[in-house]
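Colleague: Below are the structure tokens for one structure; questions will follow.
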Amino acid sequence: MRLTRRFITQSLDDISLSKPIRYERYYINDGLRVQKKGEFYEKEVLDEKNIILKKTIITKEEFFEIKKTSYSKIIRDSFLYLNDNRVSIKKYYGTYEGLIRIEVEFLSGQEMNNYKKEKWMGNEITKSPLAFDKYLSKLNRKEFILELNKNTK
């Protein structure tokens with residue numbers, strides 16, 4: 001079981017954040033993605049639950065060759081919330097511009113169930129297609145906007 005809860009927010013104003021790391025992700029199929037993470041290039045094999053089974057460093061050339069076969073591209077910046085090391089924040093660009101997702105990781109189910117979100121956090125989206133890049137990558141811009149609007153009311 002994945003011990004995370006996911007929320008959205010409208011703004012990053014007045015939130016203590018680390019410097020961002022830029023992710024450029026390309027989904028080849030449900031079980032394979034490649035990404036440029038900062039200055040590194042990686043290939044990740046995923047299981048049916050979207051859990052990384054294997055992560056491999058690849059060359060820039062391999063990255064550019066593999067990404068040609070992708071069905072979706074996701075560009076986002078990833079931040080750490082400096083007031084709670086369980087929290088990371090993803091800000092999206094391009095097709096998914098407008099999404100700012102907060103991810104909170106827990107060590108136990110009890111900790112997860114008892115968690116009280118921060119005041120600046122919006123609706124919980126843990127069960128939404130917005131919760132994971134794998135599912136987000138399957139939405140076109142129109143479907144994304146509908147899902148985003150549904151979760152920001």
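Each chain in the structure tokens gets a letter, A, B, ..., in the order shown, and its residues are numbered from 1; ligands are numbered from 1 in order too.
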Determine which residues of region 22-76 of chain A receive a DSSP assignment of alpha helix (DSSP H), computed from the backbone, and state them as a PyMOL selection string.
Modeller: chain A and resi 60-67
Colleague: Excluding Asp47 (chain A) and its own-chain neighbours fewer than 3 positions away, which residues fall within 12 Å of it when counting only C-alpha atoms? Please give them as a PyMOL selection string.
Modeller: chain A and resi 29-33+44+50-54+134
Colleague: What lies within 12 Å of Glu39 (chain A) using only C-alpha atoms, ignoring chain neighbours under 3 positions off, as a VMD selection string?
Modeller: chain A and resid 21 to 24 35 to 36 42 57 to 60 63
Colleague: Set the distance at 7 Å and use only C-alpha atoms: which residues neighbour region 100-111 of chain A once local chain neighbours fewer than 2 positions away are removed? I'd like the list as an MDAnalysis selection string.
Modeller: chainID A and resid 3:10 86:92 98 113:115
Colleague: Next, the residues of the selection above should be written as a short mmCIF file (atom, residue, chain, number, x, y, z; two decimals), in the first residue's frame with C-alpha atoms.
Modeller:
data_model
loop_
_atom_site.label_atom_id
_atom_site.label_comp_id
_atom_site.auth_asym_id
_atom_site.auth_seq_id
_atom_site.Cartn_x
_atom_site.Cartn_y
_atom_site.Cartn_z
CA LEU A 3 1.38 5.67 2.17
CA THR A 4 0.77 9.06 0.58
CA ARG A 5 -1.97 11.62 0.46
CA ARG A 6 -2.17 14.23 -2.28
CA PHE A 7 -3.68 17.69 -2.30
CA ILE A 8 -3.78 20.70 -4.61
CA THR A 9 -3.19 24.38 -4.03
CA GLN A 10 -3.72 27.50 -6.10
CA ARG A 86 7.21 14.57 4.48
CA VAL A 87 5.85 17.12 2.00
CA SER A 88 6.89 17.74 -1.60
CA ILE A 89 5.21 20.01 -4.13
CA LYS A 90 4.99 19.64 -7.90
CA LYS A 91 4.21 22.65 -10.13
CA TYR A 92 3.23 21.76 -13.70
CA GLY A 98 -2.41 25.25 -13.47
CA ASN A 113 -5.14 8.67 8.68
CA ASN A 114 -4.46 11.17 11.48
CA TYR A 115 -2.77 13.77 9.26
#
Colleague: Calculate how many Å separate CA of Ser70 (chain A) from CA of Tyr27 (chain A), rounding to one decimal.
Modeller: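 If I compute the distance from CA of Ser70 (chain A) to CA of Tyr27 (chain A), I get 5.2 Å.
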Colleague: Please report the interatomic distance between CA of Tyr93 (chain A) and CA of Arg141 (chain A) in Å with one decimal.
Modeller: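 These two atoms are separated by 11.5 Å.
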Colleague: Ranking A:Lys37, A:Lys55, A:Arg25, A:Lys117 by minimum distance to Ser137 (chain A) and counting only C-alpha atoms, which one comes first?
Modeller: A:Arg25
Colleague: Report, in Å to a single decimal, how far apart CA of Gly38 (chain A) and CA of Glu124 (chain A) are.
Modeller: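 Calculated distance between CA of Glu124 (chain A) and CA of Gly38 (chain A) is 28.1 Å.
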Colleague: For Ser18 (chain A), which residue out of A:Thr126, A:Asn140, A:Thr56, A:Ser78 is the nearest one, using only C-alpha atoms?
Modeller: A:Ser78
